[in-house]
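The structure appears below as structure tokens.
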Amino acid sequence: MTPARRLGLSIVLVVFLVDQALKLWLLFGLRLAETGPYAVTPFMDIVLAWNRGISYGLFQQHSDLGRWGLVVISIAAAIWLGRWMWREQRPLTVASLALIVGGALGNGLDRGVYGAVVDFVHLHWGSFSWYIFNIADAAIVVGVVGLLYESFRPAAENAA
């Protein structure tokens with residue numbers, strides 16, 4: 001297995017496992033639904049939010065058809081991006097794709113098991129409130145930023 005493939009698979013596995021382990025601990029260990037929310041800092045709380053849509057709560061689904069449709073989309077996206085990752089050699093592109101794949105798999109599993117994605121990090125400052133997200137969401141965002149950065153690099157740098 002090439003170093004790029006090992007890197008990609010390792011990142012997918014770490015993102016997926018950390019995301020799922022933290023969600024399981026918050027739901028069943030800490031029992032966040034019964035005991036939360038928790039103020040971690042003046043600008044961050046741990047809360048429980050069930051997201052039946054996609055990023056930023058878009059496309060909320062309240063039927064089994066919608067739920068399973070989003071599961072299928074998550075799996076299809078993970079397969080398509082995983083195939084790209086498998087063929088790619090540039091480390092930043094591989095890492096970025098792996099972050100997205102790991103996040104998509106984590107959120108897809110949530111949808112399949114719970115019917116919604118478990119979100120829990122709430123950032124706020126004064127009257128400003130950011131959306132509630134999870135580790136998988138953060139990995140997806142960082143992965144997209146990495147792909148965007150890579151796409152704007154000059155071709156000679158990208159070849160390295």
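Naming scheme: A, B, ... for chains in displayed order of the structure tokens; residues 1 onward per chain; ligands 1 onward as shown.
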Could you list, with a cut-off of 10 Å and counting only C-alpha atoms, the residues of region 84-121 of chain A near region 26-41 of chain A, each shown with its nearest atom pair and the distance in Å rounded to one decimal, rows sorted by chain and ascending number, as a Markdown table?
```
| residue | atom | partner | partner_atom | distance |
| --- | --- | --- | --- | --- |
| A:Val118 | CA | A:Leu27 | CA | 8.8 |
| A:Phe120 | CA | A:Leu26 | CA | 8.6 |
| A:Val121 | CA | A:Val40 | CA | 9.8 |
```
Dump C-alpha atoms for the selected residues as a CSV table (one decimal), in the first residue's frame?
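Output saved as selection_9.csv:
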```
chain,number,residue,atom,x,y,z
A,118,VAL,CA,-25.8,14.1,16.8
A,120,PHE,CA,-23.1,19.0,20.3
A,121,VAL,CA,-20.6,21.9,20.0
```
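Here CA of Asp64 (chain A) stands at a distance of 8.1 Å from CA of Gly115 (chain A).
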As a check of understanding: the span from CA of Ala139 (chain A) to CA of Met1 (chain A) is 24.1 Å
Chain A: which residues are strand (DSSP E or B) by DSSP, as number ranges by chain?
A: 38-41, 44-51, 117-125, 128-133
Let me make sure I understand: among A:Val15, A:Ala136, A:Leu48, A:Leu24, which one has the smallest atom-to-atom distance to Ser74 (chain A) if we use only C-alpha atoms?
A:Ala136
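Our summary of the geometry notes that CA of Ala49 (chain A) is positioned 25.3 Å from CA of Ala98 (chain A).
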Among A:Leu13, A:Ile73, A:Leu65, A:Leu148, Gly108 (chain A) is approached most closely, using only C-alpha atoms, by A:Ile73
Find the residues around Gly112 (chain A) up to 8 Å (only C-alpha atoms counted), leave out those fewer than 3 positions away in its own chain, and share them as a ChimeraX atom specification.
/A:67-68,71,108-109,115-116
Store the residues picked out above in a file with N, CA and C atoms, as a JSON list (two decimals), in the first residue's frame.
```
[["chain", "number", "residue", "atom", "x", "y", "z"],
["A", 67, "ARG", "N", -34.82, 10.51, 5.45],
["A", 67, "ARG", "CA", -33.72, 10.04, 6.30],
["A", 67, "ARG", "C", -32.83, 9.08, 5.53],
["A", 68, "TRP", "N", -33.43, 8.05, 4.93],
["A", 68, "TRP", "CA", -32.63, 7.06, 4.22],
["A", 68, "TRP", "C", -32.05, 7.62, 2.93],
["A", 71, "VAL", "N", -28.90, 9.10, 4.06],
["A", 71, "VAL", "CA", -27.93, 8.03, 4.34],
["A", 71, "VAL", "C", -27.29, 7.57, 3.03],
["A", 108, "GLY", "N", -23.34, 9.82, 8.39],
["A", 108, "GLY", "CA", -24.22, 8.85, 7.76],
["A", 108, "GLY", "C", -24.63, 7.75, 8.73],
["A", 109, "LEU", "N", -23.68, 7.28, 9.53],
["A", 109, "LEU", "CA", -24.01, 6.26, 10.53],
["A", 109, "LEU", "C", -25.02, 6.81, 11.54],
["A", 115, "GLY", "N", -31.60, 8.28, 13.22],
["A", 115, "GLY", "CA", -32.56, 9.04, 12.43],
["A", 115, "GLY", "C", -32.18, 10.49, 12.27],
["A", 116, "ALA", "N", -31.08, 10.90, 12.89],
["A", 116, "ALA", "CA", -30.59, 12.29, 12.82],
["A", 116, "ALA", "C", -29.12, 12.29, 13.22]]
```
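The residue that comes closest to Val141 (chain A), out of A:Gly103, A:Gly126, A:Gly69, A:Pro154 and on the basis of only C-alpha atoms, is A:Gly103.
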